[in-house]
Amino acid sequence: MNCEQIALEELHVERFQLKEVLKILLHSIIFQRALGECRLRDVDSELFDISCAASSASAEMAALADFRSRGARYVRCDSRLVEARVEEHAEAFSSAIERGARVSLAFFERRARQAAFGLFRSEERVVWERWTIPLVVVPNFAQLHRHMGGAQMPPGAHGAGRSTEADSQDEESRRRQASLEAVLRRRIEFILTVASGRREHIPPADGLGGEALWFEISTDADSWSGLDLLKQLLSSPPQLGSG
């Protein structure tokens, strides 16, 4: 089976935004590949306004029209198992990724594999689609400004200067936030467009494991290893309350 490869354009995010960006993108992709019966759940982003005005150019696509009608929300699978797995990895990756990395989301089919002489049977995972999310961590503007000492003020102008400097920092933070929100909207629309248009390679739903997970999340971050996630789970297991 050929594996479909899909890469998003590079995203520049500040460290405190990293976890929420990953949750939005991972959930958006996973829901589009949740074959069989899957209830959806509208979710408000904790950091971003990802509302999007409709445009006639994309009105033909039901998925895009649906996304644009949801305002500042995005859609995820209404599954505690999926939610916990994304939360675990987004939390772990947000700590492990230092300057930048690629996060991979792979979807696989479970197949029975016959061992030697046909005496034993085992299971193999065959990846049929892989999404890549390239991320670059950029300095926080306010922290960078403080580190550089701020703007140089003439003597006697510190009182007014502090107010002007704070206003400038707030304006730059708002500009960066709005810019990233616009980028996230474009990434979600890309996900919806590609997921709707590329379906021929998707295997039958009965090979995707039923209640078991049908995807895996990984990263090529230098400081990341699977042991990091294992240690995190042992120290603070996910809460799977009703929802």
# chains A, B, ... in the order shown; residues from 1 in each chain; ligands from 1

call {"tool": "select_by_dssp", "arguments": {"residues": "region 79-112 of chain A", "states": "strand (DSSP E)", "output": "PyMOL selection string"}}
result
chain A and resi 100-112

call {"tool": "residues_around", "arguments": {"residues": "Trp131 (chain A)", "least_positions_apart": "5", "cutoff": "9 Å", "atoms": "only C-alpha atoms", "output": "ChimeraX atom specification"}}
result
/A:4-8,29,103-107

call {"tool": "closest_residue", "arguments": {"among": "A:Val21, A:Ala101, A:Leu35, A:Val194", "to": "Leu47 (chain A)", "atoms": "only C-alpha atoms"}}
result
A:Val21

call {"tool": "atom_distance", "arguments": {"atom1": "CA of Arg111 (chain A)", "atom2": "CA of Pro203 (chain A)"}}
result
11.0 Å

call {"tool": "residues_around", "arguments": {"residues": "Ser95 (chain A)", "least_positions_apart": "3", "cutoff": "9 Å", "atoms": "only C-alpha atoms", "output": "mmCIF file with N, CA and C atoms, in the first residue's frame"}}
result
data_model
loop_
_atom_site.group_PDB
_atom_site.id
_atom_site.type_symbol
_atom_site.label_atom_id
_atom_site.label_comp_id
_atom_site.auth_asym_id
_atom_site.auth_seq_id
_atom_site.Cartn_x
_atom_site.Cartn_y
_atom_site.Cartn_z
ATOM 1 N N ARG A 15 6.514 29.938 22.361
ATOM 2 C CA ARG A 15 6.458 28.699 23.137
ATOM 3 C C ARG A 15 5.115 28.514 23.841
ATOM 4 N N LYS A 19 1.451 24.348 22.447
ATOM 5 C CA LYS A 19 0.526 23.268 22.799
ATOM 6 C C LYS A 19 -0.834 23.470 22.145
ATOM 7 N N ALA A 90 0.624 16.711 22.857
ATOM 8 C CA ALA A 90 0.771 18.165 22.740
ATOM 9 C C ALA A 90 1.501 18.729 23.954
ATOM 10 N N GLU A 91 1.174 18.218 25.138
ATOM 11 C CA GLU A 91 1.840 18.667 26.364
ATOM 12 C C GLU A 91 3.311 18.267 26.353
ATOM 13 N N ALA A 92 3.593 17.025 26.001
ATOM 14 C CA ALA A 92 4.979 16.537 26.001
ATOM 15 C C ALA A 92 5.807 17.249 24.934
ATOM 16 N N GLU A 98 12.483 22.601 21.226
ATOM 17 C CA GLU A 98 13.245 23.764 21.661
ATOM 18 C C GLU A 98 13.208 24.883 20.613
#

call {"tool": "closest_residue", "arguments": {"among": "A:Asp49, A:Glu189, A:Glu129, A:Glu181", "to": "Asn2 (chain A)", "atoms": "only C-alpha atoms"}}
result
A:Glu129
